[in-house]
file protein.csv (CSV, C-alpha atoms)
chain,number,residue,atom,x,y,z
A,19,MET,CA,9.7,72.7,93.3
A,20,GLU,CA,6.9,72.2,90.9
A,21,LEU,CA,8.4,73.8,87.8
A,22,SER,CA,8.2,72.1,84.5
A,23,THR,CA,11.5,71.3,82.8
A,24,SER,CA,9.8,71.4,79.4
A,25,SER,CA,9.9,75.2,79.3
A,26,SER,CA,10.6,75.2,75.5
A,27,TYR,CA,7.1,74.2,74.8
A,28,SER,CA,4.7,77.1,74.7
A,29,HIS,CA,1.6,75.1,73.9
A,30,SER,CA,0.4,72.8,76.6
A,31,SER,CA,-2.8,71.8,74.7
A,32,ILE,CA,-1.0,69.1,72.8
A,33,ILE,CA,0.2,67.3,75.8
A,34,PRO,CA,-1.4,63.8,75.6
A,35,THR,CA,-4.0,63.1,78.2
A,36,ARG,CA,-4.3,59.9,80.2
A,37,ASN,CA,-7.0,58.6,77.8
A,38,SER,CA,-4.7,59.0,74.8
A,39,ILE,CA,-1.9,56.9,76.1
A,40,SER,CA,-3.0,53.7,74.4
A,41,TYR,CA,-3.1,55.6,71.0
A,42,TYR,CA,0.5,56.7,71.4
A,43,SER,CA,2.0,53.8,73.2
A,44,LEU,CA,3.7,52.4,70.2
A,45,LYS,CA,6.5,54.4,68.5
A,46,PRO,CA,5.3,55.2,64.9
A,47,PRO,CA,7.4,54.5,61.9
A,48,THR,CA,9.6,57.3,60.4
A,49,SER,CA,7.1,58.1,57.6
A,50,VAL,CA,4.4,58.8,60.2
A,51,LYS,CA,6.8,61.0,62.2
A,52,SER,CA,7.6,63.0,59.1
A,53,THR,CA,3.9,63.4,58.2
A,54,ILE,CA,3.0,64.6,61.8
A,55,SER,CA,6.1,66.9,61.8
A,56,ARG,CA,5.0,68.6,58.5
A,57,HIS,CA,1.5,69.0,60.0
A,58,LEU,CA,2.8,70.6,63.2
A,59,ARG,CA,5.0,72.9,61.2
A,60,SER,CA,2.0,74.0,59.0
A,61,ILE,CA,0.0,75.1,62.1
A,62,GLY,CA,3.0,76.8,63.7
A,63,LEU,CA,3.7,74.3,66.5
A,64,TYR,CA,6.9,72.8,65.2
A,65,HIS,CA,10.2,74.8,65.5
A,66,HIS,CA,13.3,73.7,63.8
A,67,HIS,CA,15.6,74.2,66.8
A,68,HIS,CA,13.4,71.9,68.9
A,69,HIS,CA,13.0,69.2,66.4
A,70,HIS,CA,15.2,66.8,68.5
A,71,THR,CA,12.8,66.8,71.4
A,72,SER,CA,9.4,67.9,70.3
A,73,PHE,CA,8.2,64.6,68.8
A,74,SER,CA,9.8,62.3,71.3
A,75,THR,CA,8.4,64.3,74.1
A,76,PHE,CA,4.8,64.4,72.8
A,77,VAL,CA,4.7,61.0,71.3
A,78,SER,CA,7.4,58.6,72.5
A,79,LYS,CA,7.1,59.2,76.2
A,80,PRO,CA,3.4,58.9,76.9
A,81,LYS,CA,3.8,57.4,80.4
A,82,GLN,CA,5.2,60.6,81.9
A,83,GLN,CA,2.6,62.9,83.3
A,84,HIS,CA,3.6,66.4,82.2
A,85,ARG,CA,2.2,69.3,84.2
A,86,PRO,CA,2.2,73.0,83.2
A,87,ILE,CA,4.5,75.5,84.9
A,88,SER,CA,3.4,76.4,88.4
A,89,ILE,CA,4.5,79.2,90.7
A,90,ARG,CA,2.6,77.7,93.6
A,91,ALA,CA,5.3,75.1,94.2
A,92,GLY,CA,8.0,77.7,94.6
A,93,SER,CA,6.0,79.5,97.2
A,94,GLU,CA,5.4,76.3,99.0
A,95,VAL,CA,9.1,75.6,99.1
A,96,GLY,CA,9.8,79.0,100.5
A,97,ALA,CA,7.1,78.6,103.1
A,98,ALA,CA,8.5,75.2,104.1
A,99,GLY,CA,12.0,76.7,104.4
A,100,SER,CA,10.8,79.4,106.8
A,101,ASP,CA,8.6,76.9,108.8
A,102,ARG,CA,11.5,74.8,110.1
A,103,PRO,CA,11.1,72.7,113.2
A,104,PHE,CA,11.6,74.4,116.5
A,105,ALA,CA,14.3,71.9,117.4
A,106,ASP,CA,16.4,72.8,114.3
A,107,LYS,CA,16.1,76.5,115.2
A,108,VAL,CA,17.4,75.8,118.7
A,109,LEU,CA,20.3,73.9,117.3
A,110,ASP,CA,21.2,76.7,114.9
A,111,LEU,CA,21.1,79.2,117.8
A,112,LYS,CA,23.3,76.9,119.9
A,113,ASP,CA,25.8,76.7,117.1
A,114,ALA,CA,25.8,80.4,116.6
A,115,PHE,CA,26.3,81.0,120.3
A,116,TRP,CA,29.2,78.5,120.5
A,117,ARG,CA,31.0,80.1,117.5
A,118,PHE,CA,30.4,83.5,119.1
A,119,LEU,CA,32.3,82.4,122.2
A,120,ARG,CA,35.4,81.3,120.0
A,121,PRO,CA,35.8,77.8,121.4
A,122,HIS,CA,39.6,77.7,121.1
A,123,THR,CA,39.9,80.6,123.5
A,124,ILE,CA,37.3,79.1,125.9
A,125,ARG,CA,39.4,75.8,126.0
A,126,GLY,CA,42.5,77.8,126.7
A,127,THR,CA,40.8,79.7,129.6
A,128,ALA,CA,39.2,76.6,131.1
A,129,LEU,CA,42.4,74.5,130.9
A,130,GLY,CA,44.5,77.3,132.3
A,131,SER,CA,42.2,77.9,135.3
A,132,ALA,CA,41.8,74.2,135.9
A,133,ALA,CA,45.6,73.6,135.8
A,134,LEU,CA,46.4,76.5,138.2
A,135,VAL,CA,43.6,75.4,140.7
A,136,SER,CA,44.9,71.9,140.5
A,137,ARG,CA,48.4,73.0,141.2
A,138,ALA,CA,47.4,75.1,144.2
A,139,LEU,CA,45.4,72.1,145.6
A,140,ILE,CA,48.3,69.7,145.0
A,141,GLU,CA,50.6,72.0,146.9
A,142,ASN,CA,48.1,72.2,149.8
A,143,SER,CA,46.3,68.8,149.6
A,144,ASN,CA,45.5,68.8,153.3
A,145,MET,CA,43.3,71.8,153.0
A,146,ILE,CA,41.0,70.6,150.2
A,147,LYS,CA,37.3,71.0,151.1
A,148,TRP,CA,34.2,69.9,149.1
A,149,SER,CA,32.6,73.3,150.0
A,150,LEU,CA,35.2,74.9,147.7
A,151,LEU,CA,33.9,73.1,144.7
A,152,LEU,CA,31.0,75.5,144.1
A,153,LYS,CA,33.3,78.5,144.5
A,154,ALA,CA,35.7,77.0,141.9
A,155,PHE,CA,32.9,76.4,139.4
A,156,SER,CA,31.6,80.0,139.9
A,157,GLY,CA,35.1,81.3,139.3
A,158,LEU,CA,35.4,79.2,136.1
A,159,PHE,CA,32.1,80.6,134.9
A,160,ALA,CA,33.2,84.1,135.6
A,161,LEU,CA,36.4,83.5,133.6
A,162,ILE,CA,34.3,82.2,130.7
A,163,CYS,CA,32.1,85.2,130.9
A,164,GLY,CA,35.1,87.5,130.7
A,165,ASN,CA,36.4,85.6,127.8
A,166,GLY,CA,33.0,85.8,126.1
A,167,TYR,CA,32.8,89.5,126.6
A,168,ILE,CA,36.3,90.2,125.1
A,169,VAL,CA,35.9,88.0,122.0
A,170,GLY,CA,32.3,89.2,121.6
A,171,ILE,CA,33.0,92.9,121.7
A,172,ASN,CA,35.7,92.3,119.2
A,173,GLN,CA,33.3,90.6,116.8
A,174,ILE,CA,30.8,93.4,117.1
A,175,TYR,CA,33.4,96.0,116.0
A,176,ASP,CA,35.0,93.8,113.4
A,177,ILE,CA,32.0,92.7,111.3
A,178,SER,CA,33.4,94.1,108.0
A,179,ILE,CA,36.8,92.6,108.5
A,180,ASP,CA,35.4,89.3,109.6
A,181,LYS,CA,33.4,89.0,106.4
A,182,VAL,CA,36.7,88.8,104.7
A,183,ASN,CA,38.9,87.0,107.2
A,184,LYS,CA,36.4,84.9,109.3
A,185,PRO,CA,33.1,84.6,107.4
A,186,TYR,CA,32.2,81.7,109.5
A,187,LEU,CA,31.7,83.8,112.7
A,188,PRO,CA,28.0,84.2,113.5
A,189,ILE,CA,27.6,88.0,113.1
A,190,ALA,CA,29.6,88.1,109.9
A,191,ALA,CA,27.7,85.1,108.6
A,192,GLY,CA,24.3,86.6,109.5
A,193,ASP,CA,23.5,83.9,112.0
A,194,LEU,CA,23.5,86.3,115.0
A,195,SER,CA,22.2,89.8,115.0
A,196,VAL,CA,24.2,92.7,116.3
A,197,GLN,CA,21.4,93.4,118.9
A,198,SER,CA,21.7,89.8,120.2
A,199,ALA,CA,25.5,90.1,120.3
A,200,TRP,CA,25.2,93.3,122.4
A,201,PHE,CA,22.8,91.5,124.8
A,202,LEU,CA,25.3,88.7,125.2
A,203,VAL,CA,28.4,90.8,125.8
A,204,ILE,CA,26.5,93.0,128.3
A,205,PHE,CA,25.3,89.8,130.1
A,206,PHE,CA,28.8,88.4,130.1
A,207,ALA,CA,30.3,91.5,131.6
A,208,ALA,CA,27.6,92.0,134.2
A,209,ALA,CA,27.5,88.3,135.3
A,210,GLY,CA,31.3,88.1,135.5
A,211,LEU,CA,31.6,91.2,137.6
A,212,LEU,CA,28.8,90.2,139.9
A,213,ILE,CA,30.2,86.7,140.5
A,214,VAL,CA,33.7,87.9,141.2
A,215,GLY,CA,32.6,90.8,143.4
A,216,LEU,CA,30.4,88.6,145.6
A,217,ASN,CA,32.9,85.7,145.9
A,218,PHE,CA,36.5,86.7,145.5
A,219,GLY,CA,37.1,90.0,147.2
A,220,PRO,CA,38.1,93.5,146.0
A,221,PHE,CA,41.6,92.7,144.8
A,222,ILE,CA,40.5,89.9,142.4
A,223,PHE,CA,37.6,92.1,141.4
A,224,SER,CA,40.0,94.9,140.4
A,225,LEU,CA,42.1,92.4,138.3
A,226,TYR,CA,39.0,91.1,136.6
A,227,SER,CA,37.9,94.6,135.8
A,228,LEU,CA,41.3,95.5,134.4
A,229,GLY,CA,41.0,92.5,132.1
A,230,LEU,CA,37.6,93.6,130.8
A,231,PHE,CA,38.9,97.2,130.4
A,232,LEU,CA,41.9,96.0,128.3
A,233,GLY,CA,39.7,93.8,126.2
A,234,THR,CA,37.4,96.8,125.6
A,235,ILE,CA,40.1,99.3,124.5
A,236,TYR,CA,41.6,96.5,122.3
A,237,SER,CA,38.5,96.5,120.1
A,238,VAL,CA,36.4,99.6,120.7
A,239,PRO,CA,36.9,103.0,119.1
A,240,PRO,CA,38.2,105.6,119.5
A,241,LEU,CA,41.2,103.8,121.1
A,242,ARG,CA,40.9,100.5,119.3
A,243,MET,CA,44.4,99.4,120.3
A,244,LYS,CA,44.4,96.4,117.9
A,245,ARG,CA,45.4,98.9,115.2
A,246,PHE,CA,48.8,99.2,116.8
A,247,PRO,CA,50.9,96.0,116.7
A,248,VAL,CA,52.9,96.5,119.9
A,249,ALA,CA,49.9,97.7,122.0
A,250,ALA,CA,47.8,94.8,120.7
A,251,PHE,CA,50.2,92.0,121.6
A,252,LEU,CA,51.0,93.6,125.0
A,253,ILE,CA,47.3,93.6,125.8
A,254,ILE,CA,46.9,90.0,124.8
A,255,ALA,CA,50.0,88.9,126.7
A,256,THR,CA,48.9,90.8,129.8
A,257,VAL,CA,45.4,89.4,129.9
A,258,ARG,CA,46.0,85.8,128.8
A,259,GLY,CA,49.5,85.6,130.4
A,260,PHE,CA,49.8,87.5,133.6
A,261,LEU,CA,46.3,88.3,134.7
A,262,LEU,CA,44.8,84.8,134.2
A,263,ASN,CA,47.6,82.9,135.8
A,264,PHE,CA,48.4,85.2,138.7
A,265,GLY,CA,44.7,86.0,139.3
A,266,VAL,CA,43.5,82.3,139.4
A,267,TYR,CA,46.4,81.2,141.6
A,268,TYR,CA,45.9,84.1,144.0
A,269,ALA,CA,42.1,83.5,144.2
A,270,THR,CA,42.6,79.8,144.8
A,271,ARG,CA,45.0,80.4,147.7
A,272,ALA,CA,42.7,83.0,149.1
A,273,ALA,CA,39.8,80.5,149.0
A,274,LEU,CA,42.0,78.1,151.0
A,275,GLY,CA,42.6,80.8,153.6
A,276,LEU,CA,46.3,81.2,152.6
A,277,ALA,CA,48.3,84.3,151.9
A,278,PHE,CA,49.6,84.6,148.4
A,279,GLU,CA,53.2,83.6,147.7
A,280,TRP,CA,55.0,82.7,144.5
A,281,SER,CA,56.1,79.1,143.9
A,282,SER,CA,58.7,78.0,141.4
A,283,SER,CA,56.0,76.3,139.3
A,284,VAL,CA,53.7,79.3,139.2
A,285,VAL,CA,56.5,81.6,138.3
A,286,PHE,CA,57.4,79.2,135.5
A,287,ILE,CA,53.9,78.9,134.0
A,288,THR,CA,53.2,82.6,134.3
A,289,THR,CA,56.4,83.5,132.5
A,290,PHE,CA,56.0,80.7,130.0
A,291,VAL,CA,52.4,81.5,129.1
A,292,THR,CA,53.1,85.3,128.9
A,293,PHE,CA,55.7,84.6,126.2
A,294,PHE,CA,53.4,82.1,124.6
A,295,ALA,CA,50.6,84.7,124.6
A,296,LEU,CA,53.0,87.0,122.7
A,297,VAL,CA,53.3,84.3,120.1
A,298,ILE,CA,49.6,83.9,119.9
A,299,ALA,CA,49.2,87.7,119.6
A,300,ILE,CA,51.5,87.9,116.6
A,301,THR,CA,50.5,84.7,114.8
A,302,LYS,CA,46.7,85.2,115.2
A,303,ASP,CA,46.9,87.7,112.4
A,304,LEU,CA,48.6,85.4,109.9
A,305,PRO,CA,45.4,84.0,108.4
A,306,ASP,CA,43.9,87.5,108.4
A,307,VAL,CA,46.4,89.4,106.2
A,308,GLU,CA,44.0,90.0,103.3
A,309,GLY,CA,41.2,91.6,105.4
A,310,ASP,CA,43.7,93.5,107.6
A,311,ARG,CA,45.3,95.1,104.6
A,312,ARG,CA,41.9,96.0,103.0
A,313,TYR,CA,40.8,97.7,106.1
A,314,GLN,CA,44.2,99.2,107.0
A,315,ILE,CA,44.7,97.3,110.2
A,316,SER,CA,48.4,97.4,110.9
A,317,THR,CA,49.7,94.1,112.2
A,318,PHE,CA,53.1,92.5,112.3
A,319,ALA,CA,52.0,90.1,109.6
A,320,THR,CA,51.0,92.9,107.3
A,321,LYS,CA,54.2,94.8,108.0
A,322,LEU,CA,56.8,92.1,108.1
A,323,GLY,CA,55.1,89.4,106.0
A,324,VAL,CA,53.6,86.0,106.8
A,325,ARG,CA,56.8,84.0,106.5
A,326,ASN,CA,58.9,86.2,108.8
A,327,ILE,CA,56.2,86.3,111.5
A,328,SER,CA,55.8,82.5,111.3
A,329,PHE,CA,59.6,82.1,111.9
A,330,LEU,CA,59.5,84.8,114.6
A,331,GLY,CA,56.6,83.1,116.5
A,332,ALA,CA,58.3,79.7,116.2
A,333,GLY,CA,61.6,81.1,117.4
A,334,ILE,CA,60.0,82.6,120.5
A,335,LEU,CA,58.3,79.3,121.3
A,336,LEU,CA,61.5,77.4,120.8
A,337,MET,CA,63.3,79.7,123.2
A,338,ASN,CA,60.5,79.0,125.7
A,339,TYR,CA,61.1,75.3,125.4
A,340,VAL,CA,64.9,75.6,125.6
A,341,VAL,CA,64.6,77.7,128.8
A,342,SER,CA,62.2,75.1,130.2
A,343,ILE,CA,64.6,72.3,129.6
A,344,LEU,CA,67.4,74.3,131.2
A,345,ALA,CA,65.3,75.1,134.2
A,346,ALA,CA,64.6,71.4,134.7
A,347,ILE,CA,68.3,70.6,134.4
A,348,TYR,CA,69.6,73.3,136.8
A,349,MET,CA,66.6,73.3,139.3
A,350,PRO,CA,66.0,69.6,140.0
A,351,GLN,CA,64.6,70.4,143.4
A,352,ALA,CA,61.8,72.5,141.8
A,353,PHE,CA,60.8,70.5,138.7
A,354,ARG,CA,60.5,66.8,137.7
A,355,ARG,CA,63.2,66.5,135.1
A,356,TRP,CA,62.0,63.1,133.9
A,357,LEU,CA,58.8,64.8,132.8
A,358,LEU,CA,59.7,68.3,131.8
A,359,ILE,CA,62.7,67.6,129.6
A,360,PRO,CA,61.2,64.9,127.3
A,361,ALA,CA,57.8,66.7,127.1
A,362,HIS,CA,59.3,70.0,126.0
A,363,THR,CA,61.7,68.2,123.7
A,364,ILE,CA,58.8,66.6,121.9
A,365,PHE,CA,56.9,69.9,121.8
A,366,ALA,CA,59.9,71.7,120.3
A,367,SER,CA,60.5,68.9,117.7
A,368,SER,CA,56.8,68.9,116.6
A,369,LEU,CA,56.9,72.7,116.3
A,370,ILE,CA,60.0,72.5,114.0
A,371,TYR,CA,58.2,69.9,111.9
A,372,GLN,CA,55.1,72.1,111.6
A,373,VAL,CA,57.2,75.0,110.4
A,374,GLN,CA,58.7,72.7,107.7
A,375,ILE,CA,55.2,71.7,106.6
A,376,LEU,CA,54.2,75.4,106.4
A,377,GLU,CA,57.3,76.2,104.3
A,378,LYS,CA,56.6,73.3,101.9
A,379,ALA,CA,53.0,74.4,101.5
A,380,ASN,CA,54.2,77.9,100.4
A,381,TYR,CA,52.2,79.6,103.2
A,382,THR,CA,48.8,79.1,101.7
A,383,LYS,CA,45.9,80.3,103.8
A,384,GLU,CA,44.9,76.7,104.7
A,385,ALA,CA,48.4,75.9,105.8
A,386,ILE,CA,48.7,79.1,107.8
A,387,SER,CA,45.4,78.3,109.6
A,388,GLY,CA,46.6,74.8,110.4
A,389,PHE,CA,49.8,76.2,111.8
A,390,TYR,CA,47.9,78.6,114.0
A,391,ARG,CA,45.7,75.8,115.3
A,392,PHE,CA,48.8,73.8,116.1
A,393,ILE,CA,50.1,76.6,118.2
A,394,TRP,CA,46.9,76.6,120.2
A,395,ASN,CA,47.3,72.8,120.6
A,396,LEU,CA,50.8,73.4,122.1
A,397,PHE,CA,49.2,76.0,124.4
A,398,TYR,CA,46.7,73.4,125.7
A,399,ALA,CA,49.4,70.8,126.1
A,400,GLU,CA,51.5,73.1,128.3
A,401,TYR,CA,48.6,73.6,130.7
A,402,ALA,CA,47.7,69.9,130.7
A,403,LEU,CA,51.3,69.2,131.7
A,404,PHE,CA,51.6,71.9,134.3
A,405,PRO,CA,50.0,70.3,137.4
A,406,PHE,CA,52.5,67.5,137.2
A,407,ILE,CA,55.8,69.3,136.7
call {"tool": "encode", "arguments": {"input": "protein.csv", "output": "structure tokens"}}
result
Amino acid sequence: MELSTSSSYSHSSIIPTRNSISYYSLKPPTSVKSTISRHLRSIGLYHHHHHHTSFSTFVSKPKQQHRPISIRAGSEVGAAGSDRPFADKVLDLKDAFWRFLRPHTIRGTALGSAALVSRALIENSNMIKWSLLLKAFSGLFALICGNGYIVGINQIYDISIDKVNKPYLPIAAGDLSVQSAWFLVIFFAAAGLLIVGLNFGPFIFSLYSLGLFLGTIYSVPPLRMKRFPVAAFLIIATVRGFLLNFGVYYATRAALGLAFEWSSSVVFITTFVTFFALVIAITKDLPDVEGDRRYQISTFATKLGVRNISFLGAGILLMNYVVSILAAIYMPQAFRRWLLIPAHTIFASSLIYQVQILEKANYTKEAISGFYRFIWNLFYAEYALFPFI
């Protein structure tokens, strides 16, 4: 920006020109400085509170080319900022879109569907056909669309709260307009319904529609069920626990031409993830207590306190792990004990360690956010393990 830092000088006429440099190139003795200072004071150009800079600026630093204050440079900077390269704008839009999708939820949905499809194929490896690959990818895209619709509609109706709790989200940060967000969620819903309706039959279509409906009433007034803690965590547990696991496994078997039937592994993962989704539902509000209280959103964290909910969520997860270990011990014909027992022992131990870290950190917002991210990592780990149990 072309703004002069010598703003204390109101008379630019005494700035030495390029032709006068040779005259001032040598620093004059003190007596000469005093004489010139008295002369400047007599004509009103010397002020006492600038005496430490005025002479040295005008005389002692002749090689610096001083320029008067200019507003033009400021406007040039503004113009340059608005005239950013097209590639940068595309990258910014891509970043806003990715944040709008809430990547941690996308990873959970993608891993869950891939794990369930893999399990169904492992159980019926003789029926695998390459022609099913396109159908599998279209189903995954439909699930991502459903996920995008649910998290997107929530952001549209939570702008004020997100400005406090999650200012990095694109609508709250001003990186994505509300109109653009509406376009995206409408596209996600329409594309998902169309793909499922054309490829997976009426029953899966009804399950998919139920998931979108529950995601809508979770966020949208007048129902806005997220205001009520029990209703909120039941919706999350139903969508991410039962509907996802049962629906994907059912659709995979139907694509293979098989009637649906429960297997021990699918009963295990559906039950396990439903309880895990309960934990996600109650711990997701731990970092958001400040904004939820300000906007009178009732959650378990605002009612019972961050510490109590952290212990409750960890307790439910530990129960999940203990039951998993017992299932491996007492049902060796259904599960690989050599894998299930040590894996869940490690998961449980790491969870206890993270709770201790959270306690030592005195439940700061950074520590709470880290604990919540760790819970999601355990969620991913369970799905990564599932095809091999």
call {"tool": "closest_residue", "arguments": {"input": "protein.csv", "among": "A:Pro188, A:Gly219, A:Gln314, A:Ala154", "to": "Ser131 of chain A", "atoms": "only C-alpha atoms"}}
result
A:Ala154
call {"tool": "residues_around", "arguments": {"input": "protein.csv", "residues": "His122 of chain A", "least_positions_apart": "4", "cutoff": "10 Å", "atoms": "only C-alpha atoms", "output": "VMD selection string"}}
result
chain A and resid 117 126 to 127 391 394 to 395 398
call {"tool": "write_last_selection", "arguments": {"input": "protein.csv", "atoms": "C-alpha atoms", "output": "compact mmCIF listing (two decimals), in the coordinates of the input"}}
result
# COMPACT_ATOMS: atom_id res chain seq x y z
CA ARG A 117 31.00 80.10 117.50
CA GLY A 126 42.50 77.80 126.70
CA THR A 127 40.80 79.70 129.60
CA ARG A 391 45.70 75.80 115.30
CA TRP A 394 46.90 76.60 120.20
CA ASN A 395 47.30 72.80 120.60
CA TYR A 398 46.70 73.40 125.70
call {"tool": "atom_distance", "arguments": {"input": "protein.csv", "atom1": "atom CA of Glu141 of chain A", "atom2": "atom CA of Ser283 of chain A"}}
result
10.3 Å
call {"tool": "closest_residue", "arguments": {"input": "protein.csv", "among": "A:Ile140, A:Phe290, A:Lys181, A:Tyr167", "to": "Ala345 of chain A", "atoms": "all atoms listed in the file"}}
result
A:Phe290
call {"tool": "closest_residue", "arguments": {"input": "protein.csv", "among": "A:Ala319, A:Ile364, A:Cys163, A:Leu152", "to": "Phe205 of chain A", "atoms": "all atoms listed in the file"}}
result
A:Cys163
call {"tool": "atom_distance", "arguments": {"input": "protein.csv", "atom1": "atom CA of Phe159 of chain A", "atom2": "atom CA of Ala190 of chain A"}}
result
26.2 Å
call {"tool": "closest_residue", "arguments": {"input": "protein.csv", "among": "A:Phe115, A:Phe329, A:Phe293, A:Phe365", "to": "Leu194 of chain A", "atoms": "only C-alpha atoms"}}
result
A:Phe115
call {"tool": "atom_distance", "arguments": {"input": "protein.csv", "atom1": "atom CA of Ser282 of chain A", "atom2": "atom CA of Ala160 of chain A"}}
result
26.9 Å
